[in-house]
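**Student:** Next comes the structure file structure-v5.pdb, holding PDB, C-alpha atoms.
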```pdb
ATOM      1  CA  MET A1037     -26.859  -6.660   7.156  1.00  0.00           C
ATOM      2  CA  PRO A1038     -24.476  -5.509   9.934  1.00  0.00           C
ATOM      3  CA  ALA A1039     -21.537  -3.305   9.052  1.00  0.00           C
ATOM      4  CA  ARG A1040     -18.261  -5.037   8.296  1.00  0.00           C
ATOM      5  CA  LEU A1041     -15.799  -4.774  11.184  1.00  0.00           C
ATOM      6  CA  LEU A1042     -12.228  -3.963  10.187  1.00  0.00           C
ATOM      7  CA  THR A1043      -9.008  -4.670  12.044  1.00  0.00           C
ATOM      8  CA  VAL A1044      -6.597  -1.871  12.879  1.00  0.00           C
ATOM      9  CA  VAL A1045      -4.274  -3.159  10.148  1.00  0.00           C
ATOM     10  CA  GLN A1046      -7.092  -3.057   7.555  1.00  0.00           C
ATOM     11  CA  VAL A1047      -8.005   0.505   8.565  1.00  0.00           C
ATOM     12  CA  ALA A1048      -4.367   1.573   8.278  1.00  0.00           C
ATOM     13  CA  GLU A1049      -4.192   0.097   4.770  1.00  0.00           C
ATOM     14  CA  LEU A1050      -7.462   1.788   3.803  1.00  0.00           C
ATOM     15  CA  LEU A1051      -6.218   5.178   5.047  1.00  0.00           C
ATOM     16  CA  GLY A1052      -2.727   4.660   3.666  1.00  0.00           C
ATOM     17  CA  THR A1053      -1.100   5.188   7.064  1.00  0.00           C
ATOM     18  CA  SER A1054       0.898   3.215   9.570  1.00  0.00           C
ATOM     19  CA  VAL A1055      -0.914   1.057  12.130  1.00  0.00           C
ATOM     20  CA  ARG A1056      -0.026   3.612  14.788  1.00  0.00           C
ATOM     21  CA  PHE A1057      -2.447   6.211  13.355  1.00  0.00           C
ATOM     22  CA  PRO A1058      -5.714   4.223  13.744  1.00  0.00           C
ATOM     23  CA  ARG A1059      -4.522   3.029  17.154  1.00  0.00           C
ATOM     24  CA  ARG A1060      -4.107   6.674  18.176  1.00  0.00           C
ATOM     25  CA  LEU A1061      -7.583   7.498  16.841  1.00  0.00           C
ATOM     26  CA  ILE A1062      -8.958   4.736  19.056  1.00  0.00           C
ATOM     27  CA  GLU A1063      -6.951   5.777  22.108  1.00  0.00           C
ATOM     28  CA  GLU A1064      -8.082   9.405  21.761  1.00  0.00           C
ATOM     29  CA  ARG A1065     -11.698   8.272  21.110  1.00  0.00           C
ATOM     30  CA  ARG A1066     -11.734  10.119  17.770  1.00  0.00           C
ATOM     31  CA  ILE A1067     -13.315   7.198  15.874  1.00  0.00           C
ATOM     32  CA  VAL A1068     -16.060   4.710  16.707  1.00  0.00           C
ATOM     33  CA  PHE A1069     -14.761   1.260  17.610  1.00  0.00           C
ATOM     34  CA  VAL A1070     -16.059  -2.050  18.945  1.00  0.00           C
ATOM     35  CA  LYS A1071     -14.394  -4.244  21.543  1.00  0.00           C
ATOM     36  CA  VAL A1072     -14.759  -7.940  20.754  1.00  0.00           C
ATOM     37  CA  GLY A1073     -13.186  -9.590  23.758  1.00  0.00           C
ATOM     38  CA  ARG A1074      -9.584  -8.384  23.731  1.00  0.00           C
ATOM     39  CA  HIS A1075      -9.789  -7.356  20.081  1.00  0.00           C
ATOM     40  CA  VAL A1076     -10.632  -3.917  18.743  1.00  0.00           C
ATOM     41  CA  ARG A1077     -12.575  -3.556  15.502  1.00  0.00           C
ATOM     42  CA  ILE A1078     -13.685  -0.467  13.602  1.00  0.00           C
ATOM     43  CA  PRO A1079     -16.951  -0.502  11.645  1.00  0.00           C
ATOM     44  CA  GLU A1080     -16.387   0.274   7.964  1.00  0.00           C
ATOM     45  CA  PRO A1081     -18.996   3.095   7.987  1.00  0.00           C
ATOM     46  CA  ALA A1082     -17.052   4.753  10.847  1.00  0.00           C
ATOM     47  CA  VAL A1083     -13.947   4.877   8.643  1.00  0.00           C
ATOM     48  CA  GLN A1084     -15.947   6.368   5.773  1.00  0.00           C
ATOM     49  CA  GLU A1085     -17.501   8.924   8.143  1.00  0.00           C
ATOM     50  CA  TYR A1086     -14.049   9.848   9.455  1.00  0.00           C
ATOM     51  CA  ILE A1087     -12.777  10.365   5.900  1.00  0.00           C
ATOM     52  CA  GLU A1088     -15.799  12.482   4.925  1.00  0.00           C
ATOM     53  CA  SER A1089     -15.633  14.643   8.052  1.00  0.00           C
ATOM     54  CA  HIS A1090     -11.917  15.346   7.521  1.00  0.00           C
ATOM     55  CA  THR A1091     -12.091  16.026   3.793  1.00  0.00           C
ATOM     56  CA  VAL A1092     -11.107  19.600   2.963  1.00  0.00           C
ATOM     57  CA  GLN A1093     -12.687  21.161  -0.091  1.00  0.00           C
ATOM     58  CA  PRO A1094     -10.518  23.355  -2.330  1.00  0.00           C
ATOM     59  CA  ILE A1095     -10.984  27.110  -2.363  1.00  0.00           C
ATOM     60  CA  VAL A1096     -12.199  28.525  -5.659  1.00  0.00           C
ATOM     61  CA  ARG A1097     -10.365  31.722  -6.403  1.00  0.00           C
ATOM     62  CA  ARG A1098     -11.631  34.176  -8.930  1.00  0.00           C
ATOM     63  CA  PHE A1099      -9.227  36.434 -10.728  1.00  0.00           C
ATOM     64  CA  GLY A1100     -10.182  40.041 -11.031  1.00  0.00           C
ATOM     65  CA  LYS A1101      -9.426  42.988  -8.819  1.00  0.00           C
ATOM     66  CA  ALA A1102      -6.179  42.972  -6.934  1.00  0.00           C
ATOM     67  CA  ALA A1103      -6.534  43.505  -3.201  1.00  0.00           C
TER      68      ALA A1103
END
```
Go ahead and express the file in the form of structure tokens.
**Tutor:**
Amino acid sequence: MPARLLTVVQVAELLGTSVRFPRRLIEERRIVFVKVGRHVRIPEPAVQEYIESHTVQPIVRRFGKAA
């Protein structure tokens, strides 16, 4: 089954941002997108990939010797 194509508004809601942010990602070619006529759509897996690639893991600090 083909990936679901999301509108810019749907991507903004999913990311919890304004509509301007996904539009900027598209303009700067920082996320995969599909042109359907005049419309721009973003595949759902591309949004998930963007989230995963920009997720920062916490640093585990161990207490012991002072530096």
**Student:** What's the separation between CA of Thr1043 (chain A) and CA of Thr1091 (chain A), in Å to one decimal place?
**Tutor:**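 Here the two named atoms are 22.5 Å from each other.
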**Student:** Let me make sure I understand: among A:Glu1063, A:Gln1046, A:Gly1052, A:Val1096, which one has the smallest atom-to-atom distance to Arg1077 (chain A) if we use all atoms listed in the file?
**Tutor:** A:Gln1046
**Student:** Can you list what the PyMOL selection byres ((chain A and resi 1068) around 12) grabs from this structure, as a ChimeraX atom specification?
**Tutor:** /A:1041-1042,1058-1059,1061-1067,1069-1071,1076-1086
**Student:** Could you please determine the separation between CA of Pro1038 (chain A) and CA of Arg1060 (chain A) in Å, to one decimal place?
**Tutor:** 25.1 Å
**Student:** May I ask for the distance between CA of Ala1048 (chain A) and CA of Pro1094 (chain A), given in Å to one decimal place?
**Tutor:**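 Interatomic distance here is 25.0 Å.
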**Student:** Nearest to Val1044 (chain A) among A:Ser1089, A:Phe1099, A:Arg1056, A:Val1072, with distances taken over all atoms listed in the file: which residue is it?
**Tutor:**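 Nearest candidate to Val1044 (chain A) out of A:Ser1089, A:Phe1099, A:Arg1056, A:Val1072: A:Arg1056.
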**Student:** Padding 6 Å on each side, edges along x, y and z: where is the centre of the box around the listed atoms of region 1037-1048 of chain A, and how long are its edges in Å to one decimal? Output it as lines of an AutoDock Vina configuration file.
**Tutor:**
```
center_x = -15.6
center_y = -2.5
center_z = 10.0
size_x = 34.6
size_y = 20.2
size_z = 17.7
```
**Student:** Start from the incomplete input, build N, CA and C atoms for region 1042-1077 of chain A, and deliver everything as a PDB file, in the frame of the given file.
**Tutor:**
```pdb
ATOM      1  N   LEU A1042     -13.593  -3.923  10.703  1.00  0.00           N
ATOM      2  CA  LEU A1042     -12.228  -3.963  10.187  1.00  0.00           C
ATOM      3  C   LEU A1042     -11.211  -4.009  11.322  1.00  0.00           C
ATOM      4  N   THR A1043     -10.100  -4.668  11.074  1.00  0.00           N
ATOM      5  CA  THR A1043      -9.008  -4.670  12.044  1.00  0.00           C
ATOM      6  C   THR A1043      -8.257  -3.346  11.930  1.00  0.00           C
ATOM      7  N   VAL A1044      -7.414  -3.085  12.899  1.00  0.00           N
ATOM      8  CA  VAL A1044      -6.597  -1.871  12.879  1.00  0.00           C
ATOM      9  C   VAL A1044      -5.681  -1.873  11.654  1.00  0.00           C
ATOM     10  N   VAL A1045      -5.158  -3.036  11.315  1.00  0.00           N
ATOM     11  CA  VAL A1045      -4.274  -3.159  10.148  1.00  0.00           C
ATOM     12  C   VAL A1045      -5.046  -2.836   8.861  1.00  0.00           C
ATOM     13  N   GLN A1046      -6.275  -3.332   8.746  1.00  0.00           N
ATOM     14  CA  GLN A1046      -7.092  -3.057   7.555  1.00  0.00           C
ATOM     15  C   GLN A1046      -7.415  -1.571   7.448  1.00  0.00           C
ATOM     16  N   VAL A1047      -7.709  -0.930   8.570  1.00  0.00           N
ATOM     17  CA  VAL A1047      -8.005   0.505   8.565  1.00  0.00           C
ATOM     18  C   VAL A1047      -6.768   1.295   8.145  1.00  0.00           C
ATOM     19  N   ALA A1048      -5.610   0.897   8.657  1.00  0.00           N
ATOM     20  CA  ALA A1048      -4.367   1.573   8.278  1.00  0.00           C
ATOM     21  C   ALA A1048      -4.126   1.456   6.773  1.00  0.00           C
ATOM     22  N   GLU A1049      -4.354   0.290   6.213  1.00  0.00           N
ATOM     23  CA  GLU A1049      -4.192   0.097   4.770  1.00  0.00           C
ATOM     24  C   GLU A1049      -5.185   0.953   3.997  1.00  0.00           C
ATOM     25  N   LEU A1050      -6.423   1.003   4.468  1.00  0.00           N
ATOM     26  CA  LEU A1050      -7.462   1.788   3.803  1.00  0.00           C
ATOM     27  C   LEU A1050      -7.125   3.274   3.810  1.00  0.00           C
ATOM     28  N   LEU A1051      -6.576   3.763   4.922  1.00  0.00           N
ATOM     29  CA  LEU A1051      -6.218   5.178   5.047  1.00  0.00           C
ATOM     30  C   LEU A1051      -4.844   5.479   4.464  1.00  0.00           C
ATOM     31  N   GLY A1052      -4.072   4.449   4.194  1.00  0.00           N
ATOM     32  CA  GLY A1052      -2.727   4.660   3.666  1.00  0.00           C
ATOM     33  C   GLY A1052      -1.774   5.192   4.730  1.00  0.00           C
ATOM     34  N   THR A1053      -1.934   4.731   5.955  1.00  0.00           N
ATOM     35  CA  THR A1053      -1.100   5.188   7.064  1.00  0.00           C
ATOM     36  C   THR A1053      -0.447   3.992   7.746  1.00  0.00           C
ATOM     37  N   SER A1054       0.346   4.293   8.757  1.00  0.00           N
ATOM     38  CA  SER A1054       0.898   3.215   9.570  1.00  0.00           C
ATOM     39  C   SER A1054      -0.188   2.741  10.527  1.00  0.00           C
ATOM     40  N   VAL A1055       0.043   1.618  11.174  1.00  0.00           N
ATOM     41  CA  VAL A1055      -0.914   1.057  12.130  1.00  0.00           C
ATOM     42  C   VAL A1055      -1.052   1.979  13.350  1.00  0.00           C
ATOM     43  N   ARG A1056      -0.019   2.728  13.625  1.00  0.00           N
ATOM     44  CA  ARG A1056      -0.026   3.612  14.788  1.00  0.00           C
ATOM     45  C   ARG A1056      -1.137   4.667  14.711  1.00  0.00           C
ATOM     46  N   PHE A1057      -1.445   5.158  13.500  1.00  0.00           N
ATOM     47  CA  PHE A1057      -2.447   6.211  13.355  1.00  0.00           C
ATOM     48  C   PHE A1057      -3.846   5.763  13.791  1.00  0.00           C
ATOM     49  N   PRO A1058      -4.392   4.641  13.260  1.00  0.00           N
ATOM     50  CA  PRO A1058      -5.714   4.223  13.744  1.00  0.00           C
ATOM     51  C   PRO A1058      -5.712   3.853  15.229  1.00  0.00           C
ATOM     52  N   ARG A1059      -4.605   3.321  15.717  1.00  0.00           N
ATOM     53  CA  ARG A1059      -4.522   3.029  17.154  1.00  0.00           C
ATOM     54  C   ARG A1059      -4.635   4.315  17.976  1.00  0.00           C
ATOM     55  N   ARG A1060      -4.013   5.390  17.487  1.00  0.00           N
ATOM     56  CA  ARG A1060      -4.107   6.674  18.176  1.00  0.00           C
ATOM     57  C   ARG A1060      -5.529   7.230  18.107  1.00  0.00           C
ATOM     58  N   LEU A1061      -6.189   7.063  16.958  1.00  0.00           N
ATOM     59  CA  LEU A1061      -7.583   7.498  16.841  1.00  0.00           C
ATOM     60  C   LEU A1061      -8.450   6.791  17.874  1.00  0.00           C
ATOM     61  N   ILE A1062      -8.200   5.521  18.073  1.00  0.00           N
ATOM     62  CA  ILE A1062      -8.958   4.736  19.056  1.00  0.00           C
ATOM     63  C   ILE A1062      -8.641   5.217  20.462  1.00  0.00           C
ATOM     64  N   GLU A1063      -7.364   5.367  20.765  1.00  0.00           N
ATOM     65  CA  GLU A1063      -6.951   5.777  22.108  1.00  0.00           C
ATOM     66  C   GLU A1063      -7.530   7.139  22.483  1.00  0.00           C
ATOM     67  N   GLU A1064      -7.569   8.057  21.514  1.00  0.00           N
ATOM     68  CA  GLU A1064      -8.082   9.405  21.761  1.00  0.00           C
ATOM     69  C   GLU A1064      -9.598   9.493  21.587  1.00  0.00           C
ATOM     70  N   ARG A1065     -10.237   8.351  21.303  1.00  0.00           N
ATOM     71  CA  ARG A1065     -11.698   8.272  21.110  1.00  0.00           C
ATOM     72  C   ARG A1065     -12.174   9.200  19.991  1.00  0.00           C
ATOM     73  N   ARG A1066     -11.386   9.264  18.905  1.00  0.00           N
ATOM     74  CA  ARG A1066     -11.734  10.119  17.770  1.00  0.00           C
ATOM     75  C   ARG A1066     -12.440   9.351  16.663  1.00  0.00           C
ATOM     76  N   ILE A1067     -12.607   8.023  16.848  1.00  0.00           N
ATOM     77  CA  ILE A1067     -13.315   7.198  15.874  1.00  0.00           C
ATOM     78  C   ILE A1067     -14.099   6.135  16.641  1.00  0.00           C
ATOM     79  N   VAL A1068     -15.226   5.741  16.088  1.00  0.00           N
ATOM     80  CA  VAL A1068     -16.060   4.710  16.707  1.00  0.00           C
ATOM     81  C   VAL A1068     -15.335   3.373  16.597  1.00  0.00           C
ATOM     82  N   PHE A1069     -15.359   2.591  17.658  1.00  0.00           N
ATOM     83  CA  PHE A1069     -14.761   1.260  17.610  1.00  0.00           C
ATOM     84  C   PHE A1069     -15.573   0.300  18.466  1.00  0.00           C
ATOM     85  N   VAL A1070     -15.345  -0.986  18.241  1.00  0.00           N
ATOM     86  CA  VAL A1070     -16.059  -2.050  18.945  1.00  0.00           C
ATOM     87  C   VAL A1070     -15.031  -2.953  19.601  1.00  0.00           C
ATOM     88  N   LYS A1071     -15.259  -3.290  20.863  1.00  0.00           N
ATOM     89  CA  LYS A1071     -14.394  -4.244  21.543  1.00  0.00           C
ATOM     90  C   LYS A1071     -15.046  -5.619  21.432  1.00  0.00           C
ATOM     91  N   VAL A1072     -14.308  -6.562  20.877  1.00  0.00           N
ATOM     92  CA  VAL A1072     -14.759  -7.940  20.754  1.00  0.00           C
ATOM     93  C   VAL A1072     -13.783  -8.770  21.589  1.00  0.00           C
ATOM     94  N   GLY A1073     -14.137  -8.957  22.848  1.00  0.00           N
ATOM     95  CA  GLY A1073     -13.186  -9.590  23.758  1.00  0.00           C
ATOM     96  C   GLY A1073     -11.991  -8.675  23.934  1.00  0.00           C
ATOM     97  N   ARG A1074     -10.801  -9.191  23.650  1.00  0.00           N
ATOM     98  CA  ARG A1074      -9.584  -8.384  23.731  1.00  0.00           C
ATOM     99  C   ARG A1074      -9.303  -7.625  22.443  1.00  0.00           C
ATOM    100  N   HIS A1075     -10.041  -7.933  21.398  1.00  0.00           N
ATOM    101  CA  HIS A1075      -9.789  -7.356  20.081  1.00  0.00           C
ATOM    102  C   HIS A1075     -10.560  -6.059  19.889  1.00  0.00           C
ATOM    103  N   VAL A1076      -9.980  -5.184  19.090  1.00  0.00           N
ATOM    104  CA  VAL A1076     -10.632  -3.917  18.743  1.00  0.00           C
ATOM    105  C   VAL A1076     -10.937  -3.950  17.257  1.00  0.00           C
ATOM    106  N   ARG A1077     -12.165  -3.612  16.904  1.00  0.00           N
ATOM    107  CA  ARG A1077     -12.575  -3.556  15.502  1.00  0.00           C
ATOM    108  C   ARG A1077     -13.238  -2.214  15.238  1.00  0.00           C
TER     109      ARG A1077
END
```
